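Asks: Here's a structure for you.
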Amino acid sequence: MNAVKLAIVWILVIVPLTWGVVKSVQKSLPLFQMEKPV
Amino acid sequence: MSILSREATVAKPGFNRWFVPPAAIAVHMCIGQIYGFSVFKVPLSQALGVTGPVEGDWSQADVGVAYIIALAMLGFSAAFLGKWVEHSGPRLTMIAAAICFCGGLGISSIAVSSHQLWLLYVGYGLVGGVGLGLGYIAPVSTLVKWFPDRPGMATGMAIMGFGGGALVGAPLAQELMKHFATDSSVGASKAMLVMAALYGLWMLIGAIIVRVPAKDWKPEGWEPKEHIKPLITNANVSVDTAWKTPQFWLLWLVLCLNVTAGIGILGQASPMIQDMFKVTPGAAAGFVGLLSIANMAGRFIWSSTSDFTGRKGVYCIYFILGAVLYCAVPWTQGTGNLVLFIVVTAVIISMYGGGFATIPAYLRDLFGTYQVGAIHGRLITAWSAAAIIGPTLVDRISEAKKNAGLPPEETYNFTLYLMAGLLLVGLVANLLVRPVDPKHHVLKLDA
């Protein structure tokens with residue numbers, strides 16, 4: 001039971017942080033898709 | 001005994017200490033939203049005109065003042081309320097932080113809907129800023145007490161949450177504003193209200209979970225060694241004594257210079273990459289996002305590393321490697337290698353984050369755990385000072401160089417070399433740190 005609770009509280013912080021990282025990576029894609037400097 | 005009191009949060013035997021890091025991260029992730037405040041600048045500067053600024057709209061500079069007040073209040077409240085935080089315990093402090101920070105967002109929402117700039121300053125700046133200060137130091141000092149065997153990793157986890165706050169806060173605000181935007185509103189007011197509710201919930205969860213260890217608790221199988229390393233003490237120094245020692249002021253300088261140098265890159269990251277590599281503004285925004293990830297990751301990685309290298313050792317790495325990399329940035333521009341430039345700047349920013357995360361563990365090593373939260377609170381004023389010095393230096397120098405007729409890609413070089421110089425001054429301060437004189441040690445602890 002304790003292990004489940006522990007997993008839940010970690011998920012509560014890891015999910016938003018992961019979402020933030022994914023959003024940031026998505027935003028950075030144009031940086032690597034440039035063929036030539038504009 | 002109130003459920004909010006320190007006594008009520010003392011962990012029962014068998015409590016798993018790994019419940020505490022997510023509680024700390026939850027609070028830091030919420031208050032770290034301040035790093036993402038800039039996403040409100042454009043919408044709030046056209047709150048009346050909606051599609052563009054009109055007469056009576058606030059300027060972006062006006063809006064930015066709320067951010068500056070909040071950062072200043074973070075320093076003040078952490079410095080002046082640190083002792084109260086130690087006395088009241090983490091739960092009451094986290095609740096107070098949640099009320100102030102989320103209340104500040106709520107007041108800001110009213111300020112935006114009623115278009116009262118002063119109310120935005122009071123809400124986000126003054127009230128929210130107090131929440132930032134309280135929320136910043138309480139989880140850190142609690143984690144240090146739970147992880148005497150790995151203090152660097154412990155503080156790294158909490159402060160990583162603060163770095164991650166921008167990664168969550170900025171896109172969350174953008175998504176919410178997009179959702180609430182109408183023909184007559186930019187959606188910022190409602191977005192702030194929803195964010196206040198969400199952050200309040202997360203901070204409340206953190207406050208419910210958090211516990212402090214019992215007085216004589218120690219990790220299973222771990223014994224404090226009498227003489228591990230000269231700079232690590234098992235003794236304690238009170239906050240009122242600590243801030244009068246040279247060690248405190250040397251660490252103040254160490255943090256201030258490390259942060260000043262980091263801001264030198266972070267504050268001008270977008271225009272710098274546009275000028276140096278001629279990338280589009282959209283790609284430059286992506287670069288800033290990558291630096292935010294490096295900032296967050298560096299907090300955990302470098303601070304955890306300090307458990308093995310020692311705090312003094314890891315700061316030597318920040319300052320020496322940092323100075324070398326700052327000097328290498330103009331060279332990367334010369335090579336035209338964008339990926340190399342990104343890697344170099346990301347490592348620099350990871351050490352900027354690492355500096356924030358390692359400092360509470362350094363304080364714990366030198367002054368013990370007794371009032372480490374309060375001491376950390378006073379040291380945070382170095383951050384506030386750097387937040388003023390860094391951007392002022394960078395802006396003034398860049399402006400002067402542009403006025404002198406230098407090509408845009410070369411206007412940053414002098415600033416970068418100057419930042420490398422500042423890091424070398426920080427290195428000297430770090431090398432001067434010695435163990436605290438035993439005459440300052442507290443003999444009998446009252447908490």
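Residue numbering restarts at 1 for every chain of the structure tokens, chains are lettered A, B, ... in their displayed order, and ligands are numbered from 1 as they appear.
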Counting only C-alpha atoms, which residues in chain A sit no more than 6 Å from chain B? For each one, give the nearest pair of atoms and the distance in Å, sorted by chain then residue number, as JSON lines.
Replies:
{"residue": "A:Trp10", "atom": "CA", "partner": "B:Pro22", "partner_atom": "CA", "distance": 5.6}
{"residue": "A:Val13", "atom": "CA", "partner": "B:Ala26", "partner_atom": "CA", "distance": 5.9}
{"residue": "A:Gly20", "atom": "CA", "partner": "B:Leu167", "partner_atom": "CA", "distance": 4.5}
{"residue": "A:Ser24", "atom": "CA", "partner": "B:Gly289", "partner_atom": "CA", "distance": 5.0}
{"residue": "A:Lys27", "atom": "CA", "partner": "B:Gly286", "partner_atom": "CA", "distance": 4.7}
{"residue": "A:Ser28", "atom": "CA", "partner": "B:Gly286", "partner_atom": "CA", "distance": 3.4}
{"residue": "A:Pro30", "atom": "CA", "partner": "B:Ala283", "partner_atom": "CA", "distance": 5.2}
{"residue": "A:Leu31", "atom": "CA", "partner": "B:Ala283", "partner_atom": "CA", "distance": 4.6}
{"residue": "A:Pro37", "atom": "CA", "partner": "B:Lys278", "partner_atom": "CA", "distance": 5.6}
{"residue": "A:Val38", "atom": "CA", "partner": "B:Val279", "partner_atom": "CA", "distance": 5.8}
Asks: Looking only at alpha helix (DSSP H) from DSSP on the backbone, list the matching residues of segment 194-300 of chain B as a PyMOL selection string.
Replies: chain B and resi 194-209+239-242+246-266+269-277+281-300
Asks: To one decimal place, how far is atom CA of Met272 of chain B from atom CA of Phe356 of chain B in Å?
Replies: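 Distance between the two atoms: 23.7 Å.
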Asks: What does the structure give for the distance between atom CA of Val186 of chain B and atom CA of Gly52 of chain B, in Å to one decimal?
Replies: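 Distance reported for this atom pair: 10.2 Å.
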Asks: Leu105 of chain B: which residues within 12 Å, counting only C-alpha atoms, same-chain residues fewer than 6 positions away excluded, as a PyMOL selection string?
Replies: chain B and resi 30-31+33-34+37+66+70+98-99+111-112+119-129+131-132+173+188-200
Asks: Which of these residues is nearest to Ala328 of chain B, using only C-alpha atoms: B:Trp302, B:Trp84, B:Tyr35, B:Tyr417?
Replies: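 Among the listed residues, the smallest separation from Ala328 of chain B belongs to B:Tyr417.
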Asks: What's the separation between atom CA of Leu29 of chain A and atom CA of Ile159 of chain B, in Å to one decimal place?
Replies: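 The value is 26.8 Å.
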Asks: Residues within 10 Å of Gly49 of chain B, please, as a PyMOL selection string. Count only C-alpha atoms; anything in the same chain fewer than 5 positions from it doesn't count.
Replies: chain B and resi 43-44+54-57+183-186
